[in-house]
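A short worksheet on the structure shown next.
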Amino acid sequence: MAECNDRQLILLLQNNPSQGLAEAMARYGAPVKRICAAILGPEQSREVEEAVADSFVALWQGLERYDPEQPLSPWLYGIARRTALNRRRALGRAAPFWELEEELPETGGDPADWAEEREEARLLRQAVEELPPPDREIFLLRYYLYQPVKEIARRLGMTPKAVEHKLRRGRERLRKKLIERGVSP
């Protein structure tokens, strides 16, 4: 099948799940695998492959919760992240450091600091969600999923310079929004 847009892919997943999943995996398999490997560890190839497969099954099973007005990739990448984190927990491994914003530490530190860090993380997530498309997607791909600028540019049909410009502009917008909300740089 020729490359289709997100709406066409969702319709394909609904009407012909096996072909739709094959198309989704061809398009998004590599970044989903990178997310899962980053969380589970690349040495856990079997677990990574299981998490990738589970992510695409969850995509198909959760189509009714997808907002077709939004890009599919951030939603799918969130599914992959949660799937890999759940698998990591099931394996009895500690969560990666960047998940600490979602859980309070059991010992040590000042609870007031924990609350402040959680509030700052909430404000950052809110500010990122307020970025206009495609700036939000570019920001998430670069700083959340660690994709190279050249790959982001290729994926979005932009030049690397345009992606770098949007990243600079996005960082500046985030900085201003966070300062307005009382978060010091």
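Letters A, B, ... mark the chains of the structure tokens in the order given; residue numbers begin at 1 per chain; ligand numbers begin at 1, in order shown.
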
I need the residues in stretch 109-143 of chain A that are helix (DSSP H, G or I) according to DSSP; give them as a short mmCIF file (atom, residue, chain, number, x, y, z; two decimals) with C-alpha atoms, in the first residue's frame.
```cif
data_model
loop_
_atom_site.label_atom_id
_atom_site.label_comp_id
_atom_site.auth_asym_id
_atom_site.auth_seq_id
_atom_site.Cartn_x
_atom_site.Cartn_y
_atom_site.Cartn_z
CA PRO A 111 8.47 16.24 50.58
CA ALA A 112 8.12 19.97 49.88
CA ASP A 113 10.77 19.61 47.15
CA TRP A 114 8.88 16.64 45.69
CA ALA A 115 5.69 18.68 45.47
CA GLU A 116 7.51 21.58 43.83
CA GLU A 117 9.18 19.28 41.28
CA ARG A 118 5.85 17.61 40.44
CA GLU A 119 4.20 21.01 39.97
CA GLU A 120 7.03 22.19 37.71
CA ALA A 121 6.75 18.97 35.69
CA ARG A 122 2.98 19.48 35.37
CA LEU A 123 3.50 23.07 34.20
CA LEU A 124 6.11 21.95 31.66
CA ARG A 125 3.78 19.24 30.26
CA GLN A 126 0.98 21.81 30.03
CA ALA A 127 3.23 24.33 28.25
CA VAL A 128 4.40 21.68 25.77
CA GLU A 129 0.79 20.67 25.05
CA ASP A 135 6.13 22.70 16.90
CA ARG A 136 4.72 20.40 19.60
CA GLU A 137 5.42 17.26 17.57
CA ILE A 138 8.93 18.45 16.69
CA PHE A 139 9.65 19.24 20.35
CA LEU A 140 8.37 15.85 21.54
CA LEU A 141 10.24 13.95 18.84
CA ARG A 142 13.50 15.72 19.66
CA TYR A 143 13.48 16.08 23.44
#
```

**OP:** Find the spatial neighbours of stretch 17-31 of chain A, counting only C-alpha atoms, within a cut-off of 9 Å - ignore same-chain residues fewer than 3 positions away - and output them as a list in words.
**Re:**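 The neighbour list is Met1, Glu3, Cys4, Leu9, Ile10, Leu11, Leu12, Leu13, Gln14, Arg34, Ile35, Cys36, Val52, Ala53, Phe56, Val57, Leu59, Trp60, Ser73, Leu76, Tyr77, Leu145 and Gln147 of chain A.
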
Would you mind exporting N, CA and C atoms of the selected residues as a PDB file, in the first residue's frame?
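Saved the output as again-v4.pdb:
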```pdb
ATOM      1  N   MET A   1       0.840  -1.192   0.000  1.00  0.00           N
ATOM      2  CA  MET A   1       0.000   0.000   0.000  1.00  0.00           C
ATOM      3  C   MET A   1       0.875   1.242   0.000  1.00  0.00           C
ATOM      4  N   GLU A   3       2.027   4.997   0.902  1.00  0.00           N
ATOM      5  CA  GLU A   3       1.959   5.631   2.212  1.00  0.00           C
ATOM      6  C   GLU A   3       0.650   6.401   2.340  1.00  0.00           C
ATOM      7  N   CYS A   4      -0.001   6.254   3.491  1.00  0.00           N
ATOM      8  CA  CYS A   4      -1.272   6.917   3.711  1.00  0.00           C
ATOM      9  C   CYS A   4      -1.138   7.875   4.892  1.00  0.00           C
ATOM     10  N   LEU A   9      -4.879   5.660   7.713  1.00  0.00           N
ATOM     11  CA  LEU A   9      -4.338   4.552   8.486  1.00  0.00           C
ATOM     12  C   LEU A   9      -5.348   4.084   9.535  1.00  0.00           C
ATOM     13  N   ILE A  10      -6.006   5.022  10.198  1.00  0.00           N
ATOM     14  CA  ILE A  10      -7.020   4.656  11.203  1.00  0.00           C
ATOM     15  C   ILE A  10      -8.163   3.898  10.534  1.00  0.00           C
ATOM     16  N   LEU A  11      -8.605   4.371   9.385  1.00  0.00           N
ATOM     17  CA  LEU A  11      -9.671   3.661   8.658  1.00  0.00           C
ATOM     18  C   LEU A  11      -9.218   2.262   8.267  1.00  0.00           C
ATOM     19  N   LEU A  12      -7.986   2.141   7.833  1.00  0.00           N
ATOM     20  CA  LEU A  12      -7.446   0.839   7.466  1.00  0.00           C
ATOM     21  C   LEU A  12      -7.396  -0.082   8.688  1.00  0.00           C
ATOM     22  N   LEU A  13      -6.973   0.446   9.823  1.00  0.00           N
ATOM     23  CA  LEU A  13      -6.943  -0.353  11.058  1.00  0.00           C
ATOM     24  C   LEU A  13      -8.352  -0.825  11.444  1.00  0.00           C
ATOM     25  N   GLN A  14      -9.338   0.022  11.230  1.00  0.00           N
ATOM     26  CA  GLN A  14     -10.716  -0.330  11.573  1.00  0.00           C
ATOM     27  C   GLN A  14     -11.306  -1.344  10.599  1.00  0.00           C
ATOM     28  N   ARG A  34      12.584   2.076  19.332  1.00  0.00           N
ATOM     29  CA  ARG A  34      13.574   2.912  20.038  1.00  0.00           C
ATOM     30  C   ARG A  34      13.071   3.303  21.423  1.00  0.00           C
ATOM     31  N   ILE A  35      11.801   3.664  21.523  1.00  0.00           N
ATOM     32  CA  ILE A  35      11.211   4.044  22.810  1.00  0.00           C
ATOM     33  C   ILE A  35      11.268   2.861  23.765  1.00  0.00           C
ATOM     34  N   CYS A  36      10.827   1.710  23.301  1.00  0.00           N
ATOM     35  CA  CYS A  36      10.800   0.512  24.147  1.00  0.00           C
ATOM     36  C   CYS A  36      12.208   0.107  24.567  1.00  0.00           C
ATOM     37  N   VAL A  52       6.939  -3.815  21.776  1.00  0.00           N
ATOM     38  CA  VAL A  52       6.583  -3.226  20.480  1.00  0.00           C
ATOM     39  C   VAL A  52       5.273  -3.847  19.980  1.00  0.00           C
ATOM     40  N   ALA A  53       5.210  -5.172  19.999  1.00  0.00           N
ATOM     41  CA  ALA A  53       3.988  -5.855  19.544  1.00  0.00           C
ATOM     42  C   ALA A  53       2.786  -5.448  20.396  1.00  0.00           C
ATOM     43  N   PHE A  56       1.409  -1.982  19.435  1.00  0.00           N
ATOM     44  CA  PHE A  56       0.564  -1.925  18.246  1.00  0.00           C
ATOM     45  C   PHE A  56      -0.795  -2.578  18.474  1.00  0.00           C
ATOM     46  N   VAL A  57      -0.826  -3.620  19.294  1.00  0.00           N
ATOM     47  CA  VAL A  57      -2.120  -4.216  19.658  1.00  0.00           C
ATOM     48  C   VAL A  57      -2.944  -3.200  20.444  1.00  0.00           C
ATOM     49  N   LEU A  59      -2.703   0.022  20.259  1.00  0.00           N
ATOM     50  CA  LEU A  59      -3.151   1.026  19.291  1.00  0.00           C
ATOM     51  C   LEU A  59      -4.454   0.579  18.656  1.00  0.00           C
ATOM     52  N   TRP A  60      -4.474  -0.630  18.153  1.00  0.00           N
ATOM     53  CA  TRP A  60      -5.660  -1.158  17.478  1.00  0.00           C
ATOM     54  C   TRP A  60      -6.844  -1.255  18.441  1.00  0.00           C
ATOM     55  N   SER A  73       1.206   9.904  15.704  1.00  0.00           N
ATOM     56  CA  SER A  73       2.486   9.478  16.271  1.00  0.00           C
ATOM     57  C   SER A  73       2.651   9.802  17.751  1.00  0.00           C
ATOM     58  N   LEU A  76       0.581   7.260  19.694  1.00  0.00           N
ATOM     59  CA  LEU A  76       1.176   5.928  19.641  1.00  0.00           C
ATOM     60  C   LEU A  76       2.447   5.866  20.482  1.00  0.00           C
ATOM     61  N   TYR A  77       3.265   6.902  20.445  1.00  0.00           N
ATOM     62  CA  TYR A  77       4.501   6.902  21.235  1.00  0.00           C
ATOM     63  C   TYR A  77       4.188   6.891  22.733  1.00  0.00           C
ATOM     64  N   LEU A 145      11.669  11.857  22.654  1.00  0.00           N
ATOM     65  CA  LEU A 145      11.996  10.592  21.998  1.00  0.00           C
ATOM     66  C   LEU A 145      13.415  10.573  21.441  1.00  0.00           C
ATOM     67  N   GLN A 147      14.928  11.840  18.909  1.00  0.00           N
ATOM     68  CA  GLN A 147      15.162  11.596  17.489  1.00  0.00           C
ATOM     69  C   GLN A 147      16.089  12.664  16.923  1.00  0.00           C
TER      70      GLN A 147
END
```

**OP:** Between A:Val48, A:Ile152, A:Arg173, A:Pro133, single out the one closest to A:Asn86, counting only C-alpha atoms.
**Re:** A:Val48

**OP:** Rank nothing, just name the residue among A:Arg46, A:Asn5, A:Ser55, A:Ile39 nearest to A:Trp75, using only C-alpha atoms.
**Re:**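 Nearest to A:Trp75: A:Ser55.
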
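In this model, the gap between atom CA of A:Ser184 and atom CA of A:Pro134 comes to 26.1 Å.
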
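Take atom CA of A:Ile79 and atom CA of A:Glu47: the distance between them is 15.6 Å.
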
Subject >> Which of A:Val163, A:Arg82, A:Leu178, A:Asn15 sits closest to A:Pro148 [using only C-alpha atoms] >> reply: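 Among the listed residues, the smallest separation from A:Pro148 belongs to A:Val163.
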
**OP:** Using atom CA of A:Lys33 and atom CA of A:Glu69 as the two end points, give the distance in Å to one decimal.
**Re:**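 Straight-line distance from atom CA of A:Lys33 to atom CA of A:Glu69 works out to 25.0 Å.
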